[in-house]
Amino acid sequence: MRIATWNVNSVNARLETVVRWFEEATPDVACLQEIKCIDEKFPTEAFERLGYNVAIYGQKTYNGVALLSKTPLEDIRRGLPGDDGDEQARYIEAVVSGPEPVRVASIYLPNGNPVATEKFGYKLAWMDRLNAHARELLSWEEPFCLLGDYNVIPEVRDAAHPENWVDDALFQPETRRAFRALKNLGLTEAYLQADGAPGAFTFWDYQAGAWQRNNGIRIDHALLSPQAADKLAGAAIHKHVRAWDKPSDHVPLVVELDL
């Protein structure tokens with residue numbers, strides 16, 4: 001089973017590019033972030049024609065996440081537990097049916113900038129909620145995968161120029177500490193386990209020739225429960241997609257499980 005995550009930065013604005021990648025990569029499951037549309041405006045038919053079942057948690061103009069699967073999606077959860085007043089569409093989770101069902105979540109973790117505002121507090125509180133939910137999922141002792149745009153640069157090696165990020169919410173000690181705490185629950189970071197080569201970035205800003213200079217960062221991650229990590233067969237970053245016409249500033253990360 002090939003499970004992908006990709007922040008598409010507006011699914012409708014980049015639909016041709018997104019469909020092209022789906023036709024090329026044919027993932028079994030895909031987690032999309034920053035779809036930037038309400039549920040009714042999501043281009044469901046374009047993906048159904050490719051054989052995907054679709055679950056959406058959208059939001060007008062901002063945020064929005066989706067799950068796409070070649071097999072039915074069950075037990076769908078929209079929204080991260082822990083704050084009933086949180087109206088931002090940043091989390092969707094479902095069980096992907098099959099010979100061995102796998103729970104998959106698409107995550108668009110808050111950016112948190114500027115640091116000296118309530119946005120950074122929201123980011124850290126959201127990460128605390130994710131930690132609590134992951135603890136609950138781990139207690140079920142089933143294979144699950146938490147994939148998405150985490151907006152976290154975990155280590156110095158995950159940025160081409162880490163000195164440029166010292167004041168950014170993505171690289172703050174509190175942010176990195178919260179990400180480590182999440183992993184330390186017993187989750188495996190798929191890319192590091194399967195490949196781990198330095199200089200493997202998933203995001204290049206549109207500004208200042210970042211792509212042309214390979215001035216990237218690695219902020220899209222896949223965390224696996226022990227039951228899923230035992231099945232890990234590989235992970236790959238599809239860097240070439242960033243060079244396509246009308247690209248997202250992120251590229252897909254694909255994790256393969258032997259199921």
# chains A, B, ... in the order shown; residues from 1 in each chain; ligands from 1
call {"tool": "residues_around", "arguments": {"residues": "segment 198-210 of chain A", "least_positions_apart": "4", "cutoff": "12 Å", "atoms": "only C-alpha atoms", "output": "ChimeraX atom specification"}}
result
/A:5-9,148-162,191-192,214-221,235-243,246-254
call {"tool": "select_by_dssp", "arguments": {"residues": "segment 137-251 of chain A", "states": "strand (DSSP E)", "output": "PyMOL selection string"}}
result
chain A and resi 144-149+188-189+203-204+216-217+220-224+232-237
call {"tool": "write_last_selection", "arguments": {"atoms": "N, CA, C and O atoms", "output": "PDB file, in the first residue's frame"}}
result
ATOM      1  N   PHE A 144      -1.592   2.609  12.207  1.00  0.00           N
ATOM      2  CA  PHE A 144      -2.097   3.910  11.772  1.00  0.00           C
ATOM      3  C   PHE A 144      -0.939   4.780  11.313  1.00  0.00           C
ATOM      4  O   PHE A 144       0.218   4.573  11.688  1.00  0.00           O
ATOM      5  N   CYS A 145      -1.268   5.757  10.479  1.00  0.00           N
ATOM      6  CA  CYS A 145      -0.290   6.657   9.875  1.00  0.00           C
ATOM      7  C   CYS A 145      -0.805   8.079   9.996  1.00  0.00           C
ATOM      8  O   CYS A 145      -1.935   8.364   9.562  1.00  0.00           O
ATOM      9  N   LEU A 146       0.004   8.951  10.566  1.00  0.00           N
ATOM     10  CA  LEU A 146      -0.323  10.370  10.697  1.00  0.00           C
ATOM     11  C   LEU A 146       0.556  11.129   9.712  1.00  0.00           C
ATOM     12  O   LEU A 146       1.740  11.349   9.966  1.00  0.00           O
ATOM     13  N   LEU A 147      -0.024  11.523   8.583  1.00  0.00           N
ATOM     14  CA  LEU A 147       0.748  12.149   7.521  1.00  0.00           C
ATOM     15  C   LEU A 147       0.274  13.572   7.294  1.00  0.00           C
ATOM     16  O   LEU A 147      -0.905  13.887   7.479  1.00  0.00           O
ATOM     17  N   GLY A 148       1.214  14.422   6.849  1.00  0.00           N
ATOM     18  CA  GLY A 148       0.773  15.752   6.489  1.00  0.00           C
ATOM     19  C   GLY A 148       1.863  16.795   6.526  1.00  0.00           C
ATOM     20  O   GLY A 148       3.055  16.513   6.674  1.00  0.00           O
ATOM     21  N   ASP A 149       1.400  18.026   6.384  1.00  0.00           N
ATOM     22  CA  ASP A 149       2.249  19.204   6.496  1.00  0.00           C
ATOM     23  C   ASP A 149       2.275  19.578   7.970  1.00  0.00           C
ATOM     24  O   ASP A 149       1.336  20.180   8.482  1.00  0.00           O
ATOM     25  N   THR A 188       7.178   6.130  14.595  1.00  0.00           N
ATOM     26  CA  THR A 188       8.343   6.077  13.714  1.00  0.00           C
ATOM     27  C   THR A 188       8.178   7.082  12.597  1.00  0.00           C
ATOM     28  O   THR A 188       7.130   7.115  11.928  1.00  0.00           O
ATOM     29  N   GLU A 189       9.193   7.920  12.376  1.00  0.00           N
ATOM     30  CA  GLU A 189       9.171   8.860  11.253  1.00  0.00           C
ATOM     31  C   GLU A 189       9.605   8.109   9.998  1.00  0.00           C
ATOM     32  O   GLU A 189      10.766   7.725   9.852  1.00  0.00           O
ATOM     33  N   PHE A 203       9.645  21.326   0.758  1.00  0.00           N
ATOM     34  CA  PHE A 203       9.057  22.655   0.553  1.00  0.00           C
ATOM     35  C   PHE A 203      10.138  23.609   0.072  1.00  0.00           C
ATOM     36  O   PHE A 203      11.241  23.656   0.626  1.00  0.00           O
ATOM     37  N   TRP A 204       9.792  24.387  -0.966  1.00  0.00           N
ATOM     38  CA  TRP A 204      10.636  25.475  -1.455  1.00  0.00           C
ATOM     39  C   TRP A 204       9.734  26.671  -1.675  1.00  0.00           C
ATOM     40  O   TRP A 204       8.765  26.609  -2.444  1.00  0.00           O
ATOM     41  N   GLY A 216      15.604  24.728   0.392  1.00  0.00           N
ATOM     42  CA  GLY A 216      14.376  24.093   0.857  1.00  0.00           C
ATOM     43  C   GLY A 216      14.400  23.732   2.326  1.00  0.00           C
ATOM     44  O   GLY A 216      15.402  23.913   3.030  1.00  0.00           O
ATOM     45  N   ILE A 217      13.265  23.214   2.787  1.00  0.00           N
ATOM     46  CA  ILE A 217      13.130  22.691   4.143  1.00  0.00           C
ATOM     47  C   ILE A 217      12.291  21.414   4.090  1.00  0.00           C
ATOM     48  O   ILE A 217      11.512  21.201   3.151  1.00  0.00           O
ATOM     49  N   ASP A 220       7.139  18.179   5.713  1.00  0.00           N
ATOM     50  CA  ASP A 220       6.053  17.222   5.489  1.00  0.00           C
ATOM     51  C   ASP A 220       6.522  15.857   5.978  1.00  0.00           C
ATOM     52  O   ASP A 220       7.561  15.349   5.545  1.00  0.00           O
ATOM     53  N   HIS A 221       5.759  15.273   6.893  1.00  0.00           N
ATOM     54  CA  HIS A 221       6.234  14.080   7.593  1.00  0.00           C
ATOM     55  C   HIS A 221       5.146  13.017   7.653  1.00  0.00           C
ATOM     56  O   HIS A 221       3.947  13.307   7.526  1.00  0.00           O
ATOM     57  N   ALA A 222       5.589  11.775   7.879  1.00  0.00           N
ATOM     58  CA  ALA A 222       4.682  10.645   8.078  1.00  0.00           C
ATOM     59  C   ALA A 222       5.130   9.906   9.333  1.00  0.00           C
ATOM     60  O   ALA A 222       6.251   9.386   9.382  1.00  0.00           O
ATOM     61  N   LEU A 223       4.273   9.882  10.342  1.00  0.00           N
ATOM     62  CA  LEU A 223       4.561   9.181  11.587  1.00  0.00           C
ATOM     63  C   LEU A 223       3.703   7.919  11.655  1.00  0.00           C
ATOM     64  O   LEU A 223       2.483   7.973  11.441  1.00  0.00           O
ATOM     65  N   LEU A 224       4.341   6.794  11.979  1.00  0.00           N
ATOM     66  CA  LEU A 224       3.682   5.494  11.932  1.00  0.00           C
ATOM     67  C   LEU A 224       3.617   4.861  13.314  1.00  0.00           C
ATOM     68  O   LEU A 224       4.582   4.934  14.092  1.00  0.00           O
ATOM     69  N   LEU A 232       6.776  -1.124   7.155  1.00  0.00           N
ATOM     70  CA  LEU A 232       7.373  -0.092   6.314  1.00  0.00           C
ATOM     71  C   LEU A 232       8.336  -0.708   5.301  1.00  0.00           C
ATOM     72  O   LEU A 232       9.276  -1.409   5.664  1.00  0.00           O
ATOM     73  N   ALA A 233       8.087  -0.419   4.024  1.00  0.00           N
ATOM     74  CA  ALA A 233       8.923  -0.957   2.949  1.00  0.00           C
ATOM     75  C   ALA A 233       9.721   0.119   2.233  1.00  0.00           C
ATOM     76  O   ALA A 233      10.664  -0.188   1.502  1.00  0.00           O
ATOM     77  N   GLY A 234       9.356   1.385   2.414  1.00  0.00           N
ATOM     78  CA  GLY A 234      10.091   2.444   1.744  1.00  0.00           C
ATOM     79  C   GLY A 234       9.391   3.784   1.875  1.00  0.00           C
ATOM     80  O   GLY A 234       8.230   3.862   2.283  1.00  0.00           O
ATOM     81  N   ALA A 235      10.123   4.837   1.548  1.00  0.00           N
ATOM     82  CA  ALA A 235       9.573   6.196   1.541  1.00  0.00           C
ATOM     83  C   ALA A 235      10.333   7.011   0.516  1.00  0.00           C
ATOM     84  O   ALA A 235      11.543   6.843   0.359  1.00  0.00           O
ATOM     85  N   ALA A 236       9.621   7.874  -0.193  1.00  0.00           N
ATOM     86  CA  ALA A 236      10.262   8.659  -1.251  1.00  0.00           C
ATOM     87  C   ALA A 236       9.626  10.039  -1.332  1.00  0.00           C
ATOM     88  O   ALA A 236       8.414  10.188  -1.178  1.00  0.00           O
ATOM     89  N   ILE A 237      10.459  11.033  -1.576  1.00  0.00           N
ATOM     90  CA  ILE A 237      10.011  12.403  -1.812  1.00  0.00           C
ATOM     91  C   ILE A 237      10.020  12.647  -3.316  1.00  0.00           C
ATOM     92  O   ILE A 237      11.047  12.450  -3.966  1.00  0.00           O
TER      93      ILE A 237
END
